[in-house]
Amino acid sequence: MTSLSIKDLFEGGEERLDLHLVSGHAGLSRVVNNPAIRTSRQAFKKHPVRLQAETILLWVPEDVLHFERQPEGERVEILSGLSSEYLLAVIVPSTRRAADFLVRWSDHTGTPLFLSSLEAFLLESRLIGHLRERLHHIGTIQGVFLDVSGLGILLTGESGVGKSECALELMTRGHKLVADDMVEIEKRGERIYGRCPEEIKYLMEVKGLGIIDVGDIFGTHAVREEMPIDLVVEFLWAEKAGGTKGASSGAPARQVMGVSVPLIRLPARHGSNRATIIEVLAKDVLAKSRRQGKAL
């Protein structure tokens with residue numbers, strides 16, 4: 001495990017995490033060893049708050065607004081509990097606005113305050129992956145990873161392109177979820193294996209539904225602990241897809257930890273049944289492998 005300063009820890013995360021430092025610059029030199037990620041909902045269950053381990057706090061906008069409305073004396077009392085050696089940084093998701101009281105408190109205590117436009121669950125998921133890579137040297141990759149008919153398929157593409165919705169439809173058809181949004185990866189021989197970070201295991205964010213527990217809804221038989229990544233399917237907005245062709249044309253591949261994984265690009269057209277296309281792709285790849293005498 002590596003020790004880093006907060007500045008070095010978040011270096012390179014500006015695009016991935018969409019982080020913007022607002023205040024608390026004096027605390028950027030603090031050393032980070034093995035931080036926990038907690039949301040304000042978790043941290044403020046007890047009053048006054050007392051943190052017992054290195055913590056990066058995700059302060060959700062609803063709680064920020066609630067604190068803004070509190071009497072000054074009560075707010076100061078609660079914030080004093082956060083002014084601890086254990087609090088490393090505060091990140092407010094889903095916003096570009098920093099509340100004045102947070103900025104003042106951040107500068108006063110030397111606690112770095114960041115903003116991010118990412119929603120809380122998405123930010124937490126990507127932050128987990130970022131910390132794994134930076135501190136524990138565990139590889140991560142963004143996407144929704146599934147076991148489709150025994151084939152490990154990683155769905156990738158821009159946020160909002162429909163990866164989770166496609167995965168949800170596939171699960172209703174009996175296929176299994178490995179990880180949503182952030183996939184831990186490990187190279188073994190000439191294959192890459194993917195699994196879900198423990199902190200977000202069984203959890204999935206679906207637009208219109210919010211965060212769901214796949215194990216509760218579909219049962220634990222609907223999830224897999226780990227799978228080799230056999231195929232990457234990238235969803236592209238129709239206007240960006242242009243003349244995109246599938247893997248049969250030029251056999252494109254994505255490099256993952258030095259391993260070439262077959263890549264197929266699909267236009268994300270509204271109304272198209274992508275789940276059916278993914279099922280057909282899986283059956284086609286498995287059939288070709290059997291004909292060639294290869295085992296996946």
# chains A, B, ... in the order shown; residues from 1 in each chain; ligands from 1

call {"tool": "closest_atom_pairs", "arguments": {"of": "region 169-235 of chain A", "to": "region 276-291 of chain A", "cutoff": "9 Å", "atoms": "only C-alpha atoms", "output": "JSON lines"}}
result
{"residue": "A:Leu170", "atom": "CA", "partner": "A:Glu279", "partner_atom": "CA", "distance": 8.1}
{"residue": "A:Leu231", "atom": "CA", "partner": "A:Ala282", "partner_atom": "CA", "distance": 8.6}
{"residue": "A:Val233", "atom": "CA", "partner": "A:Ile278", "partner_atom": "CA", "distance": 8.4}

call {"tool": "residues_around", "arguments": {"residues": "Gly110 (chain A)", "least_positions_apart": "5", "cutoff": "12 Å", "atoms": "only C-alpha atoms", "output": "PyMOL selection string"}}
result
chain A and resi 6+22-30+82-85+87-90+102-105

call {"tool": "write_last_selection", "arguments": {"atoms": "N, CA and C atoms", "output": "mmCIF file, in the first residue's frame"}}
result
data_model
loop_
_atom_site.group_PDB
_atom_site.id
_atom_site.type_symbol
_atom_site.label_atom_id
_atom_site.label_comp_id
_atom_site.auth_asym_id
_atom_site.auth_seq_id
_atom_site.Cartn_x
_atom_site.Cartn_y
_atom_site.Cartn_z
ATOM 1 N N ILE A 6 -2.801 14.369 -0.039
ATOM 2 C CA ILE A 6 -4.132 14.539 -0.634
ATOM 3 C C ILE A 6 -4.002 15.123 -2.041
ATOM 4 N N VAL A 22 -12.074 24.030 -4.224
ATOM 5 C CA VAL A 22 -12.654 25.342 -3.935
ATOM 6 C C VAL A 22 -11.892 26.052 -2.821
ATOM 7 N N SER A 23 -11.573 25.341 -1.756
ATOM 8 C CA SER A 23 -10.953 25.973 -0.586
ATOM 9 C C SER A 23 -10.235 24.907 0.229
ATOM 10 N N GLY A 24 -9.617 25.351 1.343
ATOM 11 C CA GLY A 24 -8.900 24.423 2.207
ATOM 12 C C GLY A 24 -7.574 23.969 1.638
ATOM 13 N N HIS A 25 -6.926 24.837 0.855
ATOM 14 C CA HIS A 25 -5.667 24.479 0.194
ATOM 15 C C HIS A 25 -4.573 24.068 1.183
ATOM 16 N N ALA A 26 -4.650 24.589 2.409
ATOM 17 C CA ALA A 26 -3.594 24.295 3.392
ATOM 18 C C ALA A 26 -3.532 22.815 3.747
ATOM 19 N N GLY A 27 -4.631 22.097 3.540
ATOM 20 C CA GLY A 27 -4.645 20.687 3.915
ATOM 21 C C GLY A 27 -4.221 19.730 2.824
ATOM 22 N N LEU A 28 -3.836 20.229 1.663
ATOM 23 C CA LEU A 28 -3.487 19.357 0.542
ATOM 24 C C LEU A 28 -2.221 18.548 0.777
ATOM 25 N N SER A 29 -1.390 18.980 1.712
ATOM 26 C CA SER A 29 -0.136 18.267 1.965
ATOM 27 C C SER A 29 -0.291 17.125 2.968
ATOM 28 N N ARG A 30 -1.464 16.983 3.569
ATOM 29 C CA ARG A 30 -1.681 15.911 4.543
ATOM 30 C C ARG A 30 -1.505 14.547 3.898
ATOM 31 N N LEU A 82 -16.467 17.679 13.168
ATOM 32 C CA LEU A 82 -15.801 17.257 11.928
ATOM 33 C C LEU A 82 -14.376 17.783 11.847
ATOM 34 N N SER A 83 -14.070 18.802 12.627
ATOM 35 C CA SER A 83 -12.726 19.380 12.593
ATOM 36 C C SER A 83 -11.772 18.454 13.329
ATOM 37 N N SER A 84 -11.498 17.356 12.732
ATOM 38 C CA SER A 84 -10.747 16.291 13.377
ATOM 39 C C SER A 84 -9.552 15.919 12.523
ATOM 40 N N GLU A 85 -8.582 15.301 13.170
ATOM 41 C CA GLU A 85 -7.396 14.857 12.440
ATOM 42 C C GLU A 85 -7.738 13.768 11.424
ATOM 43 N N LEU A 87 -10.494 13.698 9.367
ATOM 44 C CA LEU A 87 -11.188 14.151 8.168
ATOM 45 C C LEU A 87 -10.175 14.670 7.155
ATOM 46 N N LEU A 88 -10.073 14.000 6.026
ATOM 47 C CA LEU A 88 -9.061 14.339 5.025
ATOM 48 C C LEU A 88 -9.559 15.364 4.025
ATOM 49 N N ALA A 89 -10.794 15.218 3.568
ATOM 50 C CA ALA A 89 -11.328 16.110 2.541
ATOM 51 C C ALA A 89 -12.837 15.969 2.502
ATOM 52 N N VAL A 90 -13.489 16.992 1.972
ATOM 53 C CA VAL A 90 -14.937 16.980 1.766
ATOM 54 C C VAL A 90 -15.197 17.184 0.282
ATOM 55 N N LEU A 102 -19.548 26.391 4.223
ATOM 56 C CA LEU A 102 -18.584 25.315 3.992
ATOM 57 C C LEU A 102 -17.232 25.866 3.576
ATOM 58 N N VAL A 103 -17.234 26.891 2.746
ATOM 59 C CA VAL A 103 -15.977 27.503 2.306
ATOM 60 C C VAL A 103 -15.243 28.109 3.499
ATOM 61 N N ARG A 104 -15.984 28.830 4.352
ATOM 62 C CA ARG A 104 -15.357 29.443 5.534
ATOM 63 C C ARG A 104 -14.792 28.368 6.460
ATOM 64 N N TRP A 105 -15.587 27.329 6.712
ATOM 65 C CA TRP A 105 -15.146 26.245 7.591
ATOM 66 C C TRP A 105 -13.942 25.517 7.004
#

call {"tool": "select_by_dssp", "arguments": {"residues": "region 150-205 of chain A", "states": "helix (DSSP H, G or I)", "output": "NGL selection string"}}
result
:A and (163-172 or 198-200)

call {"tool": "write_last_selection", "arguments": {"atoms": "N, CA and C atoms", "output": "PDB file, in the first residue's frame"}}
result
ATOM      1  N   LYS A 163     -26.255   2.080 -20.641  1.00  0.00           N
ATOM      2  CA  LYS A 163     -25.591   0.822 -20.248  1.00  0.00           C
ATOM      3  C   LYS A 163     -26.361   0.102 -19.141  1.00  0.00           C
ATOM      4  N   SER A 164     -26.725   0.837 -18.091  1.00  0.00           N
ATOM      5  CA  SER A 164     -27.407   0.201 -16.961  1.00  0.00           C
ATOM      6  C   SER A 164     -28.793  -0.293 -17.352  1.00  0.00           C
ATOM      7  N   GLU A 165     -29.499   0.456 -18.205  1.00  0.00           N
ATOM      8  CA  GLU A 165     -30.825   0.035 -18.645  1.00  0.00           C
ATOM      9  C   GLU A 165     -30.735  -1.260 -19.447  1.00  0.00           C
ATOM     10  N   CYS A 166     -29.711  -1.355 -20.297  1.00  0.00           N
ATOM     11  CA  CYS A 166     -29.498  -2.575 -21.074  1.00  0.00           C
ATOM     12  C   CYS A 166     -29.179  -3.740 -20.136  1.00  0.00           C
ATOM     13  N   ALA A 167     -28.320  -3.482 -19.142  1.00  0.00           N
ATOM     14  CA  ALA A 167     -27.957  -4.521 -18.186  1.00  0.00           C
ATOM     15  C   ALA A 167     -29.178  -4.986 -17.402  1.00  0.00           C
ATOM     16  N   LEU A 168     -30.043  -4.048 -17.024  1.00  0.00           N
ATOM     17  CA  LEU A 168     -31.248  -4.389 -16.271  1.00  0.00           C
ATOM     18  C   LEU A 168     -32.148  -5.309 -17.097  1.00  0.00           C
ATOM     19  N   GLU A 169     -32.298  -4.999 -18.376  1.00  0.00           N
ATOM     20  CA  GLU A 169     -33.104  -5.849 -19.260  1.00  0.00           C
ATOM     21  C   GLU A 169     -32.488  -7.239 -19.386  1.00  0.00           C
ATOM     22  N   LEU A 170     -31.166  -7.292 -19.480  1.00  0.00           N
ATOM     23  CA  LEU A 170     -30.497  -8.592 -19.571  1.00  0.00           C
ATOM     24  C   LEU A 170     -30.713  -9.416 -18.312  1.00  0.00           C
ATOM     25  N   MET A 171     -30.725  -8.757 -17.151  1.00  0.00           N
ATOM     26  CA  MET A 171     -30.941  -9.486 -15.902  1.00  0.00           C
ATOM     27  C   MET A 171     -32.359 -10.029 -15.808  1.00  0.00           C
ATOM     28  N   THR A 172     -33.325  -9.299 -16.360  1.00  0.00           N
ATOM     29  CA  THR A 172     -34.696  -9.822 -16.354  1.00  0.00           C
ATOM     30  C   THR A 172     -34.801 -11.073 -17.222  1.00  0.00           C
ATOM     31  N   GLU A 198     -16.042  -4.260  -3.132  1.00  0.00           N
ATOM     32  CA  GLU A 198     -16.881  -4.743  -2.031  1.00  0.00           C
ATOM     33  C   GLU A 198     -17.886  -3.692  -1.562  1.00  0.00           C
ATOM     34  N   GLU A 199     -17.475  -2.410  -1.596  1.00  0.00           N
ATOM     35  CA  GLU A 199     -18.325  -1.342  -1.053  1.00  0.00           C
ATOM     36  C   GLU A 199     -19.615  -1.151  -1.843  1.00  0.00           C
ATOM     37  N   ILE A 200     -19.628  -1.508  -3.139  1.00  0.00           N
ATOM     38  CA  ILE A 200     -20.831  -1.294  -3.959  1.00  0.00           C
ATOM     39  C   ILE A 200     -21.370  -2.610  -4.515  1.00  0.00           C
TER      40      ILE A 200
END

call {"tool": "residues_around", "arguments": {"residues": "Gly139 (chain A)", "least_positions_apart": "4", "cutoff": "9 Å", "atoms": "only C-alpha atoms", "output": "JSON, numbers by chain"}}
result
{"A": [129, 130, 132, 133, 183, 184, 185, 186, 257]}

call {"tool": "residues_around", "arguments": {"residues": "Leu203 (chain A)", "least_positions_apart": "5", "cutoff": "8 Å", "atoms": "only C-alpha atoms", "output": "list of chain:residue names"}}
result
A:Asp180, A:Ile211, A:Ile212, A:Asp213, A:Val214

call {"tool": "select_by_dssp", "arguments": {"residues": "region 13-196 of chain A", "states": "strand (DSSP E)", "output": "MDAnalysis selection string"}}
result
chainID A and resid 19:23 31:32 36:39 55:58 87:92 113:116 139:148 151:157 176:188 191:195

call {"tool": "write_last_selection", "arguments": {"atoms": "C-alpha atoms", "output": "PDB file, in the first residue's frame"}}
result
ATOM      1  CA  LEU A  19     -13.255  17.428  -9.133  1.00  0.00           C
ATOM      2  CA  HIS A  20     -12.774  21.152  -8.600  1.00  0.00           C
ATOM      3  CA  LEU A  21     -10.876  22.387  -5.543  1.00  0.00           C
ATOM      4  CA  VAL A  22     -12.654  25.342  -3.935  1.00  0.00           C
ATOM      5  CA  SER A  23     -10.953  25.973  -0.586  1.00  0.00           C
ATOM      6  CA  VAL A  31      -0.659  12.280   4.113  1.00  0.00           C
ATOM      7  CA  VAL A  32      -3.277   9.676   3.189  1.00  0.00           C
ATOM      8  CA  ALA A  36     -12.715   5.358   4.146  1.00  0.00           C
ATOM      9  CA  ILE A  37     -15.456   7.025   2.121  1.00  0.00           C
ATOM     10  CA  ARG A  38     -18.531   8.120   4.041  1.00  0.00           C
ATOM     11  CA  THR A  39     -21.573  10.118   3.038  1.00  0.00           C
ATOM     12  CA  THR A  55     -12.324   9.773   6.096  1.00  0.00           C
ATOM     13  CA  ILE A  56     -13.210  11.397   2.791  1.00  0.00           C
ATOM     14  CA  LEU A  57     -16.683  12.827   3.312  1.00  0.00           C
ATOM     15  CA  LEU A  58     -19.226  13.062   0.483  1.00  0.00           C
ATOM     16  CA  LEU A  87     -11.188  14.151   8.168  1.00  0.00           C
ATOM     17  CA  LEU A  88      -9.061  14.339   5.025  1.00  0.00           C
ATOM     18  CA  ALA A  89     -11.328  16.110   2.541  1.00  0.00           C
ATOM     19  CA  VAL A  90     -14.937  16.980   1.766  1.00  0.00           C
ATOM     20  CA  ILE A  91     -16.505  16.525  -1.662  1.00  0.00           C
ATOM     21  CA  VAL A  92     -19.937  17.900  -2.547  1.00  0.00           C
ATOM     22  CA  LEU A 113     -13.245  21.204  -0.179  1.00  0.00           C
ATOM     23  CA  PHE A 114     -13.988  19.858  -3.664  1.00  0.00           C
ATOM     24  CA  LEU A 115     -17.064  20.072  -5.883  1.00  0.00           C
ATOM     25  CA  SER A 116     -18.130  17.554  -8.512  1.00  0.00           C
ATOM     26  CA  GLY A 139      -6.654  -1.816 -11.649  1.00  0.00           C
ATOM     27  CA  THR A 140     -10.156  -0.536 -12.382  1.00  0.00           C
ATOM     28  CA  ILE A 141     -12.181   0.114 -15.500  1.00  0.00           C
ATOM     29  CA  GLN A 142     -15.479   1.934 -15.978  1.00  0.00           C
ATOM     30  CA  GLY A 143     -18.465   0.107 -17.384  1.00  0.00           C
ATOM     31  CA  VAL A 144     -21.213  -2.377 -16.577  1.00  0.00           C
ATOM     32  CA  PHE A 145     -19.911  -5.939 -16.445  1.00  0.00           C
ATOM     33  CA  LEU A 146     -22.168  -8.957 -16.945  1.00  0.00           C
ATOM     34  CA  ASP A 147     -22.185 -12.696 -17.410  1.00  0.00           C
ATOM     35  CA  VAL A 148     -24.269 -13.191 -20.566  1.00  0.00           C
ATOM     36  CA  LEU A 151     -19.545 -14.861 -21.644  1.00  0.00           C
ATOM     37  CA  GLY A 152     -18.051 -11.932 -19.709  1.00  0.00           C
ATOM     38  CA  ILE A 153     -19.261  -8.780 -21.492  1.00  0.00           C
ATOM     39  CA  LEU A 154     -18.205  -5.283 -20.433  1.00  0.00           C
ATOM     40  CA  LEU A 155     -20.592  -2.536 -21.577  1.00  0.00           C
ATOM     41  CA  THR A 156     -18.890   0.842 -21.967  1.00  0.00           C
ATOM     42  CA  GLY A 157     -19.847   4.266 -23.305  1.00  0.00           C
ATOM     43  CA  LYS A 176     -26.033 -12.055 -14.223  1.00  0.00           C
ATOM     44  CA  LEU A 177     -24.499  -8.782 -13.025  1.00  0.00           C
ATOM     45  CA  VAL A 178     -20.876  -8.691 -11.945  1.00  0.00           C
ATOM     46  CA  ALA A 179     -20.373  -4.937 -11.418  1.00  0.00           C
ATOM     47  CA  ASP A 180     -22.039  -1.626 -12.234  1.00  0.00           C
ATOM     48  CA  ASP A 181     -19.969   1.413 -13.275  1.00  0.00           C
ATOM     49  CA  MET A 182     -16.678   0.490 -11.583  1.00  0.00           C
ATOM     50  CA  VAL A 183     -15.024  -2.867 -12.240  1.00  0.00           C
ATOM     51  CA  GLU A 184     -11.910  -4.061 -10.435  1.00  0.00           C
ATOM     52  CA  ILE A 185      -9.637  -5.878 -12.852  1.00  0.00           C
ATOM     53  CA  GLU A 186      -6.781  -8.324 -12.445  1.00  0.00           C
ATOM     54  CA  LYS A 187      -4.504  -9.914 -15.022  1.00  0.00           C
ATOM     55  CA  ARG A 188      -3.961 -13.664 -14.752  1.00  0.00           C
ATOM     56  CA  ARG A 191      -6.778 -13.079 -19.471  1.00  0.00           C
ATOM     57  CA  ILE A 192      -8.319 -10.176 -17.577  1.00  0.00           C
ATOM     58  CA  TYR A 193     -10.748 -10.900 -14.743  1.00  0.00           C
ATOM     59  CA  GLY A 194     -13.280  -8.417 -13.404  1.00  0.00           C
ATOM     60  CA  ARG A 195     -15.152  -8.168 -10.108  1.00  0.00           C
TER      61      ARG A 195
END

call {"tool": "closest_residue", "arguments": {"among": "A:Ser80, A:Arg126, A:Leu236, A:Lys294", "to": "Leu266 (chain A)", "atoms": "only C-alpha atoms"}}
result
A:Leu236

call {"tool": "closest_residue", "arguments": {"among": "A:Ser159, A:Gly189, A:Glu15, A:Gly258", "to": "Pro228 (chain A)", "atoms": "only C-alpha atoms"}}
result
A:Gly189

call {"tool": "closest_residue", "arguments": {"among": "A:Pro252, A:Tyr86, A:Tyr202, A:Lys207", "to": "Thr111 (chain A)", "atoms": "only C-alpha atoms"}}
result
A:Tyr86

call {"tool": "atom_distance", "arguments": {"atom1": "CA of His175 (chain A)", "atom2": "CA of Leu209 (chain A)"}}
result
19.9 Å

call {"tool": "atom_distance", "arguments": {"atom1": "CA of Ser117 (chain A)", "atom2": "CA of Val64 (chain A)"}}
result
14.9 Å

call {"tool": "atom_distance", "arguments": {"atom1": "CA of Gly215 (chain A)", "atom2": "CA of Pro197 (chain A)"}}
result
15.1 Å
